[in-house]
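Reading through the structure tokens given below for one structure.
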Amino acid sequence: MTDTDDLACIELVELVTDYLEDALEPDVRARFEQHLPSCPGCEEHLEQVRRTIQVLGALPQDERLSPQTRARLLDAFREWRAHPQPEA
Amino acid sequence: MGDDSRPAPTVDEERAAVDTAPTDAADADPDARLLVRLRAGDEAAFSELVDRWSAPMLRVALIHTGTRAVAEEAVQDTWLAVLQGLDRFEGRSTLRTWVFRILLYTCRGKAERERRVPPISDVQRSAGEMTGRRAFAEDRFLPSDHPHWPGHWSQPPRSWMRTPDDALLGSELRQHLSQAVAALPERQRQVLVLRDVEGWTSEEVCRLLGVLPGNQRVLLHRARSTVRAALEPYLTVERP
């Protein structure tokens with residue numbers, strides 16, 4: 001490998017998502033993986049993107065329908081079941 | 001492999017390509033049994049779906065509607081439309097993709113009525129959101145004519161704190177994270193919320209939003225880059 005095969009950091013940071021999605025061409029992936037061990041800045045960036053995904057996945061999932069809406073929907077279901085739609 | 005060896009298609013080709021692509025999703029629909037029970041009038045199946053999907057539906061609706069009350073209305077209207085359309089649902093997509101597609105149409109209608117803005121097509125929106133911002137400002141790197149290290153870091157990212165997840169999601173940080181997500185452009189936010197918050201696969205997101213895989217990755221990349229940058233000030237280790 002020669003120096004020209006090396007990715008510049010400015011290019012690598014734009015390939016991180018494709019790397020994590022396993023969507024890089026094999027030769028680009030090889031250059032990506034060759035760059036990382038010698039570049040603490042890019043390693044740190046990749047790690048930070050992974051952490052970002054992790055904290056997004058840990059966002060609290062506390063949205064819920066109000067009991068009134070939920071009850072209205074169950075009523076609508078019973079209504080629907082009792083009166084099947086005529087064929088369109 | 002096959003898809004990625006082709007040149008990246010333009011955004012204009014997106015919708016047609018996705019709409020005519022063969023959908024094998026329904027064969028492997030994890031909710032196929034629930035669908036059968038639903039059609040048979042099984043109320044437990046309906047309440048299970050409402051309880052399981054309404055929270056993610058509310059989060060997706062909030063992307064488009066702005067207020068919690070309108071989002072809840074959109075979710076309610078969606079379930080009512082699902083009941084009305086259930087007999088005509090042909091299973092060409094999974095049940096979940098179909099329900100969320102109805103949700104997106106419902107939200108769009110409400111948003112357009114509320115804001116009274118001319119509608120922008122998804123394709124135009126994607127195109128607008130795929131250009132521009134890079135992960136870092138250019139001055140974080142050495143210039144391209146640098147004799148030894150063109151395009152390499154001049155100011156590399158500083159380490160982040162290594163904290164366990166709960167500490168990481170302390171209320172202050174959580175608030176900044178939510179604000180950063182809320183400030184994303186609409187299309188990027190849809191992709192990021194579905195992929196990274198809700199944990200959907202890229203295939204399902206592409207199918208729901210009508211984007212090609214490569215374009216979906218660009219939107220996801222822009223969104224993640226913005227959110228990472230927003231977290232940076234809160235997680236960077238102070239220099240001693």
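By convention in this document, the chains of the structure tokens carry letters A, B, ... by their order, each chain's residues are numbered from 1, and ligands are numbered from 1 in the order they are shown.
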
Which polymer residues have any atom within 10 Å of an atom of region 40-54 of chain B, counting only C-alpha atoms, with same-chain residues fewer than 2 positions away left out, as an NGL selection string?
(:A and (63-65 or 70-71 or 73-75 or 77-78 or 80-82 or 84)) or (:B and (31 or 33-38 or 56-61 or 72 or 75-76 or 78-79 or 83 or 96 or 99-100))

Store the residues picked out above, limited to C-alpha atoms, as a compact mmCIF listing (two decimals), in the first residue's frame.
```txt
# COMPACT_ATOMS: atom_id res chain seq x y z
CA GLU A 63 -45.34 8.79 24.76
CA ARG A 64 -48.75 7.22 25.11
CA LEU A 65 -52.29 7.85 23.97
CA ARG A 70 -57.67 4.71 23.55
CA ALA A 71 -61.24 4.08 24.77
CA LEU A 73 -60.59 3.62 19.43
CA LEU A 74 -61.79 0.45 21.15
CA ASP A 75 -65.37 1.69 20.76
CA PHE A 77 -63.39 -1.22 16.75
CA ARG A 78 -66.56 -2.70 18.27
CA TRP A 80 -66.59 -1.67 12.99
CA ARG A 81 -66.98 -5.30 14.01
CA ALA A 82 -70.73 -4.93 14.46
CA PRO A 84 -69.00 -4.74 8.42
CA ASP B 31 -47.64 -9.32 12.38
CA ARG B 33 -51.17 -13.51 12.64
CA LEU B 34 -52.36 -10.34 14.32
CA LEU B 35 -53.75 -9.22 10.99
CA VAL B 36 -55.78 -12.43 10.68
CA ARG B 37 -57.14 -12.00 14.20
CA LEU B 38 -57.88 -8.34 13.53
CA PRO B 56 -43.93 5.22 18.02
CA MET B 57 -46.81 6.62 15.92
CA LEU B 58 -47.03 9.62 18.24
CA ARG B 59 -43.30 10.22 17.96
CA VAL B 60 -43.44 10.06 14.17
CA ALA B 61 -46.55 12.26 14.10
CA GLU B 72 -52.66 12.46 19.06
CA VAL B 75 -52.80 8.83 15.48
CA GLN B 76 -56.49 8.45 16.30
CA THR B 78 -54.99 6.82 11.43
CA TRP B 79 -56.41 3.95 13.47
CA LEU B 83 -60.31 0.00 10.40
CA ARG B 96 -46.79 -1.92 10.13
CA VAL B 99 -50.32 1.68 9.10
CA PHE B 100 -47.40 4.11 9.25
```

Using only C-alpha atoms, which chain A residues lie at most 9 Å away from chain B, written as a VMD selection string?
chain A and resid 7 to 11 13 to 18 21 23 to 25 40 to 42 44 to 45 48 to 49 51 to 66 69 to 70 72 to 74 76 to 78 80 to 82 85 87 to 88

Between CA of Lys110 (chain B) and CA of Gly66 (chain B), what is the spacing in Å?
10.3 Å

Members of region 5-237 of chain B assigned helix (DSSP H, G or I) by DSSP, as a count of residues only
159

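Here CA of His146 (chain B) stands at a distance of 23.3 Å from CA of Glu33 (chain A).
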